[in-house]
$ cat work.cif   # mmCIF, C-alpha atoms
data_data
#
loop_
_atom_site.label_atom_id
_atom_site.label_comp_id
_atom_site.auth_asym_id
_atom_site.auth_seq_id
_atom_site.Cartn_x
_atom_site.Cartn_y
_atom_site.Cartn_z
CA MET A 20 -40.30 87.55 -64.98
CA ASN A 21 -43.05 86.30 -67.29
CA GLU A 22 -43.01 89.64 -69.15
CA GLN A 23 -39.26 89.33 -69.64
CA LYS A 24 -39.70 85.78 -70.97
CA ALA A 25 -42.34 86.99 -73.43
CA ILE A 26 -40.04 89.79 -74.60
CA ASP A 27 -37.18 87.32 -75.04
CA ASP A 28 -39.42 84.99 -77.05
CA VAL A 29 -40.35 87.85 -79.37
CA ALA A 30 -36.83 89.21 -79.61
CA TYR A 31 -35.19 85.82 -80.05
CA PRO A 32 -37.74 83.59 -81.84
CA SER A 33 -35.12 81.09 -82.94
CA SER A 34 -34.11 80.53 -79.32
CA ALA A 35 -37.74 79.95 -78.27
CA ALA A 36 -38.26 77.56 -81.17
CA SER A 37 -35.10 75.65 -80.34
CA ASN A 38 -36.19 75.34 -76.72
CA GLY A 39 -39.57 74.02 -77.87
CA MET A 40 -37.93 71.48 -80.17
CA ALA A 41 -35.61 70.41 -77.35
CA ALA A 42 -38.61 69.86 -75.06
CA ILE A 43 -40.38 67.81 -77.74
CA GLY A 44 -37.23 65.78 -78.31
CA SER A 45 -36.86 65.16 -74.59
CA LYS A 46 -40.46 63.93 -74.30
CA ALA A 47 -40.02 61.71 -77.35
CA LEU A 48 -36.90 60.22 -75.79
CA GLN A 49 -38.77 59.52 -72.54
CA VAL A 50 -41.57 57.78 -74.46
CA ALA A 51 -39.03 55.71 -76.41
CA VAL A 52 -37.30 54.64 -73.19
CA LYS A 53 -40.65 53.54 -71.75
CA LEU A 54 -41.58 51.59 -74.89
CA LEU A 55 -38.19 49.91 -75.31
CA PRO A 56 -38.66 47.13 -72.68
CA GLY A 57 -42.07 46.26 -74.07
CA LEU A 58 -40.81 46.14 -77.64
CA ALA A 59 -37.85 44.00 -76.59
CA LEU A 60 -40.21 41.58 -74.83
CA LEU A 61 -42.47 41.35 -77.90
CA ILE A 62 -39.49 40.68 -80.19
CA PHE A 63 -38.17 37.98 -77.88
CA TRP A 64 -41.67 36.49 -77.57
CA GLN A 65 -42.06 36.40 -81.36
CA TRP A 66 -38.69 34.69 -81.74
CA ALA A 67 -39.10 32.24 -78.85
CA SER A 68 -42.57 31.00 -79.81
CA GLY A 69 -42.07 27.89 -81.92
CA ARG A 70 -38.36 27.71 -81.04
CA LEU A 71 -37.99 27.62 -77.26
CA ILE A 72 -41.60 26.64 -76.59
CA LYS A 73 -44.32 25.12 -78.73
CA GLU A 74 -46.86 27.50 -80.26
CA ILE A 75 -49.68 25.38 -78.87
CA TYR A 76 -48.66 26.67 -75.42
CA VAL A 77 -47.59 30.23 -76.25
CA SER A 78 -48.66 31.64 -79.60
CA LYS A 79 -46.77 34.35 -81.44
CA PRO A 80 -47.73 38.02 -80.91
CA THR A 81 -48.56 38.23 -84.62
CA ALA A 82 -51.05 35.36 -84.15
CA VAL A 83 -52.60 37.19 -81.20
CA ILE A 84 -52.96 40.37 -83.29
CA ALA A 85 -54.55 38.36 -86.09
CA ARG A 86 -56.95 36.75 -83.60
CA LEU A 87 -57.90 40.15 -82.20
CA TYR A 88 -58.60 41.46 -85.69
CA GLU A 89 -60.71 38.41 -86.45
CA LEU A 90 -62.72 38.80 -83.22
CA PHE A 91 -63.51 42.47 -83.80
CA ALA A 92 -64.05 42.15 -87.56
CA SER A 93 -66.53 39.30 -87.13
CA GLY A 94 -68.26 40.93 -84.15
CA GLU A 95 -67.84 37.76 -82.08
CA ILE A 96 -66.27 39.58 -79.15
CA TYR A 97 -68.78 42.44 -78.79
CA PRO A 98 -71.42 40.56 -76.74
CA HIS A 99 -68.69 39.39 -74.38
CA LEU A 100 -67.31 42.94 -74.10
CA TRP A 101 -70.75 44.36 -73.35
CA VAL A 102 -71.51 41.86 -70.58
CA THR A 103 -68.10 42.10 -68.91
CA GLY A 104 -68.13 45.90 -69.20
CA GLN A 105 -71.49 46.09 -67.45
CA GLU A 106 -70.33 43.80 -64.68
CA LEU A 107 -67.11 45.76 -64.16
CA VAL A 108 -68.77 49.18 -64.06
CA LEU A 109 -71.63 48.14 -61.77
CA GLY A 110 -69.42 46.11 -59.43
CA TYR A 111 -66.84 48.89 -59.20
CA ILE A 112 -69.37 51.66 -58.55
CA ILE A 113 -71.25 49.66 -55.90
CA GLY A 114 -68.01 48.60 -54.19
CA VAL A 115 -66.57 52.13 -54.16
CA ALA A 116 -69.80 53.69 -52.92
CA GLY A 117 -70.16 51.14 -50.14
CA GLY A 118 -66.50 51.38 -49.16
CA VAL A 119 -66.54 55.17 -48.99
CA PHE A 120 -69.76 55.28 -46.96
CA ALA A 121 -68.77 52.53 -44.50
CA GLY A 122 -65.17 53.72 -44.17
CA TYR A 123 -66.26 57.28 -43.47
CA ALA A 124 -68.96 56.22 -41.00
CA LEU A 125 -66.64 53.99 -38.99
CA GLY A 126 -63.78 56.46 -39.25
CA ARG A 127 -65.88 59.26 -37.78
CA SER A 128 -67.40 57.14 -35.02
CA PRO A 129 -64.98 55.36 -32.67
CA ARG A 130 -67.93 53.59 -31.06
CA LEU A 131 -69.11 52.11 -34.37
CA ALA A 132 -65.52 51.21 -35.23
CA ARG A 133 -65.11 49.26 -31.99
CA ILE A 134 -68.36 47.36 -32.65
CA PHE A 135 -68.08 46.57 -36.35
CA GLU A 136 -64.34 46.50 -37.12
CA PRO A 137 -63.87 42.93 -35.79
CA TYR A 138 -66.69 41.70 -38.04
CA VAL A 139 -65.26 43.53 -41.04
CA MET A 140 -61.82 42.07 -40.37
CA ALA A 141 -63.26 38.56 -40.02
CA PHE A 142 -65.16 38.86 -43.30
CA TYR A 143 -62.12 40.41 -44.99
CA GLY A 144 -60.12 37.29 -44.10
CA ILE A 145 -62.44 35.08 -46.14
CA PRO A 146 -61.02 34.38 -49.64
CA LYS A 147 -63.44 36.24 -51.89
CA ILE A 148 -63.04 33.69 -54.68
CA ALA A 149 -64.57 31.10 -52.34
CA LEU A 150 -67.74 33.20 -52.32
CA ALA A 151 -68.28 32.85 -56.08
CA PRO A 152 -70.33 29.60 -55.88
CA LEU A 153 -72.43 31.08 -53.08
CA PHE A 154 -73.15 34.24 -55.07
CA ILE A 155 -74.13 32.12 -58.06
CA ILE A 156 -76.65 30.27 -55.85
CA TRP A 157 -78.03 33.58 -54.59
CA PHE A 158 -77.96 35.71 -57.74
CA GLY A 159 -77.92 33.15 -60.56
CA ILE A 160 -75.51 32.79 -63.47
CA GLY A 161 -76.32 36.21 -64.92
CA ILE A 162 -74.51 39.46 -64.25
CA GLY A 163 -75.79 39.71 -60.67
CA SER A 164 -73.35 37.18 -59.22
CA LYS A 165 -70.38 38.78 -61.02
CA VAL A 166 -71.37 42.26 -59.88
CA ALA A 167 -71.67 41.01 -56.29
CA LEU A 168 -68.24 39.34 -56.38
CA ALA A 169 -66.54 42.36 -57.95
CA SER A 170 -68.20 44.82 -55.57
CA ILE A 171 -67.20 42.83 -52.48
CA MET A 172 -63.56 42.75 -53.63
CA VAL A 173 -63.59 46.48 -54.33
CA PHE A 174 -65.40 47.32 -51.10
CA PHE A 175 -62.69 46.22 -48.69
CA LEU A 176 -59.84 48.00 -50.45
CA VAL A 177 -61.77 51.27 -50.57
CA PHE A 178 -63.15 50.82 -47.06
CA TYR A 179 -59.77 50.41 -45.35
CA ASN A 180 -58.22 53.31 -47.26
CA VAL A 181 -61.11 55.66 -46.42
CA PHE A 182 -61.15 54.45 -42.80
CA ALA A 183 -57.41 55.11 -42.47
CA GLY A 184 -57.75 58.50 -44.17
CA VAL A 185 -60.52 59.69 -41.87
CA ARG A 186 -58.76 58.38 -38.74
CA SER A 187 -55.55 60.15 -39.77
CA VAL A 188 -57.10 63.62 -39.58
CA ASP A 189 -55.37 65.71 -36.93
CA ARG A 190 -57.63 65.94 -33.87
CA GLU A 191 -56.33 69.42 -33.06
CA LEU A 192 -57.39 70.62 -36.51
CA VAL A 193 -60.88 69.20 -35.91
CA ASN A 194 -61.12 70.88 -32.51
CA LEU A 195 -59.90 74.19 -33.95
CA THR A 196 -62.50 74.02 -36.71
CA LEU A 197 -65.25 73.34 -34.16
CA VAL A 198 -64.09 76.24 -32.01
CA MET A 199 -64.34 78.51 -35.06
CA GLY A 200 -68.03 77.59 -35.29
CA ALA A 201 -68.07 74.93 -38.00
CA ASN A 202 -71.01 72.52 -38.02
CA GLN A 203 -70.80 68.82 -38.88
CA ARG A 204 -71.55 69.39 -42.56
CA GLN A 205 -68.79 71.99 -42.87
CA LEU A 206 -66.45 69.74 -40.91
CA THR A 207 -67.16 66.92 -43.36
CA TYR A 208 -66.67 68.92 -46.55
CA HIS A 209 -63.79 71.15 -45.46
CA VAL A 210 -61.74 68.91 -43.16
CA PHE A 211 -62.45 65.19 -43.37
CA LEU A 212 -63.13 64.77 -47.09
CA PRO A 213 -60.08 66.77 -48.27
CA ALA A 214 -57.87 64.90 -45.80
CA ALA A 215 -59.25 61.51 -46.86
CA ALA A 216 -59.31 62.28 -50.61
CA PRO A 217 -55.79 60.91 -51.33
CA PHE A 218 -56.67 57.71 -49.47
CA VAL A 219 -59.95 57.41 -51.38
CA MET A 220 -58.19 57.80 -54.72
CA LEU A 221 -55.52 55.29 -53.74
CA GLY A 222 -58.19 52.77 -52.79
CA MET A 223 -60.08 53.39 -56.02
CA ARG A 224 -56.99 52.83 -58.14
CA LEU A 225 -55.92 49.73 -56.24
CA ALA A 226 -59.45 48.32 -56.58
CA ILE A 227 -59.50 48.44 -60.39
CA PRO A 228 -57.61 45.16 -61.03
CA TYR A 229 -59.47 43.47 -58.18
CA SER A 230 -62.81 44.30 -59.78
CA VAL A 231 -61.55 42.65 -62.97
CA ILE A 232 -60.43 39.61 -60.98
CA GLY A 233 -63.84 39.32 -59.33
CA VAL A 234 -65.71 39.50 -62.61
CA ILE A 235 -63.46 37.07 -64.47
CA VAL A 236 -63.46 34.54 -61.63
CA GLY A 237 -67.25 34.71 -61.57
CA GLU A 238 -67.39 34.17 -65.33
CA PHE A 239 -64.96 31.27 -65.07
CA THR A 240 -67.20 29.63 -62.47
CA SER A 241 -70.48 29.96 -64.34
CA SER A 242 -71.56 32.35 -67.05
CA ILE A 243 -73.60 32.75 -70.21
CA GLN A 244 -71.41 35.43 -71.80
CA GLY A 245 -68.35 37.47 -70.94
CA LEU A 246 -64.61 37.66 -71.49
CA GLY A 247 -64.00 35.14 -68.71
CA LEU A 248 -66.20 32.62 -70.52
CA PHE A 249 -64.45 33.41 -73.80
CA ILE A 250 -61.00 32.85 -72.27
CA HIS A 251 -62.16 29.66 -70.59
CA GLU A 252 -63.55 28.28 -73.85
CA ALA A 253 -60.39 29.28 -75.73
CA SER A 254 -58.22 27.43 -73.20
CA SER A 255 -60.52 24.38 -73.39
CA THR A 256 -60.08 24.21 -77.17
CA TYR A 257 -56.27 24.73 -77.06
CA ASP A 258 -56.49 28.19 -78.61
CA PRO A 259 -53.62 30.11 -76.97
CA ALA A 260 -54.03 33.02 -79.39
CA GLY A 261 -57.63 33.38 -78.22
CA VAL A 262 -56.56 33.23 -74.57
CA PHE A 263 -53.93 35.93 -75.08
CA ALA A 264 -56.41 37.99 -77.11
CA GLY A 265 -58.83 37.91 -74.16
CA ILE A 266 -56.03 38.86 -71.77
CA VAL A 267 -55.04 41.79 -74.01
CA ILE A 268 -58.63 43.03 -73.99
CA LEU A 269 -58.74 42.80 -70.20
CA LEU A 270 -55.46 44.72 -70.10
CA GLY A 271 -57.17 47.37 -72.20
CA PHE A 272 -60.01 47.56 -69.67
CA VAL A 273 -57.56 48.05 -66.79
CA THR A 274 -55.46 50.60 -68.71
CA ILE A 275 -58.47 52.72 -69.66
CA ALA A 276 -59.84 52.57 -66.11
CA ASN A 277 -56.44 53.61 -64.70
CA LEU A 278 -56.25 56.53 -67.11
CA ILE A 279 -59.71 57.71 -66.07
CA ALA A 280 -58.86 57.29 -62.38
CA GLY A 281 -55.58 59.16 -62.91
CA ALA A 282 -57.39 62.05 -64.62
CA ILE A 283 -59.91 62.24 -61.76
CA GLU A 284 -57.08 62.12 -59.22
CA ARG A 285 -55.20 64.95 -60.92
CA ARG A 286 -58.40 66.95 -61.02
CA LEU A 287 -59.40 66.43 -57.40
CA LEU A 288 -55.91 66.54 -55.90
CA ARG A 289 -54.40 69.31 -58.00
CA TRP A 290 -53.73 71.19 -54.76
CA ARG A 291 -51.61 68.40 -53.34
CA THR A 292 -47.83 68.41 -53.66
CA PHE A 293 -46.13 65.04 -53.72
CA SER A 294 -42.61 64.78 -52.38
CA GLY A 295 -40.14 64.75 -55.22
CA SER A 296 -42.78 64.95 -57.96
CA GLY A 297 -44.08 68.47 -57.64
CA PRO A 298 -47.74 69.50 -57.80
CA ILE A 299 -50.23 67.50 -59.80
CA ASP A 300 -51.30 69.53 -62.81
CA ALA A 301 -54.96 69.76 -63.70
#

$ encode --input "work.cif" --output "structure tokens"
Amino acid sequence: MNEQKAIDDVAYPSSAASNGMAAIGSKALQVAVKLLPGLALLIFWQWASGRLIKEIYVSKPTAVIARLYELFASGEIYPHLWVTGQELVLGYIIGVAGGVFAGYALGRSPRLARIFEPYVMAFYGIPKIALAPLFIIWFGIGIGSKVALASIMVFFLVFYNVFAGVRSVDRELVNLTLVMGANQRQLTYHVFLPAAAPFVMLGMRLAIPYSVIGVIVGEFTSSIQGLGLFIHEASSTYDPAGVFAGIVILLGFVTIANLIAGAIERRLLRWRTFSGSGPIDA
């Protein structure tokens, strides 16, 4: 069939070119449809600011763009970006690693799950934001307290997804693998980890905005540098353009992290077929 398609492409180049142009046009139309709501919102925002609501409360998008340019051109924002970026990366990595390890350990051991799950549930019920002052007392006003707060928020999301993924493995499949002579290491790498991988990736993606929340809340509470401190100072000085500029930068952090997580997910789960969406391409 592929040979016939290649022959047709050579024999009828205009048809192949027209099909390629049609595909490009279809993709361009899809992109335009996705961008249309955002563009409409920006146009309405630009018109409404200063008419329906005072600019001191909601600045125009053009003012936000100008503020962003000023921040990057002057270099004022770079120290804040560096500090917040460190806190996000460290908090996320620590939270994911701890969540995967604890979720897998409790998922594989019903005895450990019975002992520790009530404690995990009790601690999970505590509002994590309420822990920010305590972490500041323990770790100071540097990056340590923000990393701790972000990692604890990430931990629980990843933990429960990994725990559910490991517990969802078919017991008959495990028994069959053991009968075939698999040891615990082979059982881990060839049964439990592949089965739990979609749950792990889901937890990792869901945890991205929560890591940002943890870091920013910590910086709001007490900080020397960071985007949370920048936003807090901008709001204190009635600088809505600065506040929105900080929010846009945080949105950039989340978008980039989601793109990276999506690429990793497509790479690791390229074998998995989602209902209605087809296989994930590498």

$ atom_distance --input "work.cif" --atom1 "atom CA of Ile113 of chain A" --atom2 "atom CA of Ser170 of chain A"
5.7 Å

$ closest_residue --input "work.cif" --among "A:Ile134, A:Val77, A:Ile62, A:Val210" --to "Asp258 of chain A" --atoms "all atoms listed in the file"
A:Val77

$ closest_atom_pairs --input "work.cif" --of "segment 208-234 of chain A" --to "segment 266-273 of chain A" --cutoff "8 Å" --atoms "all atoms listed in the file" --output "Markdown table"
| residue | atom | partner | partner_atom | distance |
| --- | --- | --- | --- | --- |
| A:Ile227 | CA | A:Val273 | CA | 6.7 |
| A:Pro228 | CA | A:Val273 | CA | 6.4 |
| A:Val231 | CA | A:Val273 | CA | 7.7 |

$ closest_residue --input "work.cif" --among "A:Ile235, A:Ala183, A:Leu58, A:Ile84" --to "Val102 of chain A" --atoms "only C-alpha atoms"
A:Ile235

$ resolve_selection --input "work.cif" --expression "the PyMOL selection byres ((chain A and resi 160) around 9)" --output "MDAnalysis selection string"
chainID A and resid 154:156 158:159 161:165 237:238 240:243

$ write_last_selection --input "work.cif" --atoms "C-alpha atoms" --output "mmCIF file, in the coordinates of the input"
data_model
loop_
_atom_site.group_PDB
_atom_site.id
_atom_site.type_symbol
_atom_site.label_atom_id
_atom_site.label_comp_id
_atom_site.auth_asym_id
_atom_site.auth_seq_id
_atom_site.Cartn_x
_atom_site.Cartn_y
_atom_site.Cartn_z
ATOM 1 C CA PHE A 154 -73.150 34.240 -55.070
ATOM 2 C CA ILE A 155 -74.130 32.120 -58.060
ATOM 3 C CA ILE A 156 -76.650 30.270 -55.850
ATOM 4 C CA PHE A 158 -77.960 35.710 -57.740
ATOM 5 C CA GLY A 159 -77.920 33.150 -60.560
ATOM 6 C CA GLY A 161 -76.320 36.210 -64.920
ATOM 7 C CA ILE A 162 -74.510 39.460 -64.250
ATOM 8 C CA GLY A 163 -75.790 39.710 -60.670
ATOM 9 C CA SER A 164 -73.350 37.180 -59.220
ATOM 10 C CA LYS A 165 -70.380 38.780 -61.020
ATOM 11 C CA GLY A 237 -67.250 34.710 -61.570
ATOM 12 C CA GLU A 238 -67.390 34.170 -65.330
ATOM 13 C CA THR A 240 -67.200 29.630 -62.470
ATOM 14 C CA SER A 241 -70.480 29.960 -64.340
ATOM 15 C CA SER A 242 -71.560 32.350 -67.050
ATOM 16 C CA ILE A 243 -73.600 32.750 -70.210
#

$ residues_around --input "work.cif" --residues "Ala264 of chain A" --least-positions-apart "6" --cutoff "10 Å" --atoms "only C-alpha atoms" --output "ChimeraX atom specification"
/A:80,82-88,90,246,249-250,253,258,270

$ atom_distance --input "work.cif" --atom1 "atom CA of Tyr179 of chain A" --atom2 "atom CA of Gly122 of chain A"
6.4 Å
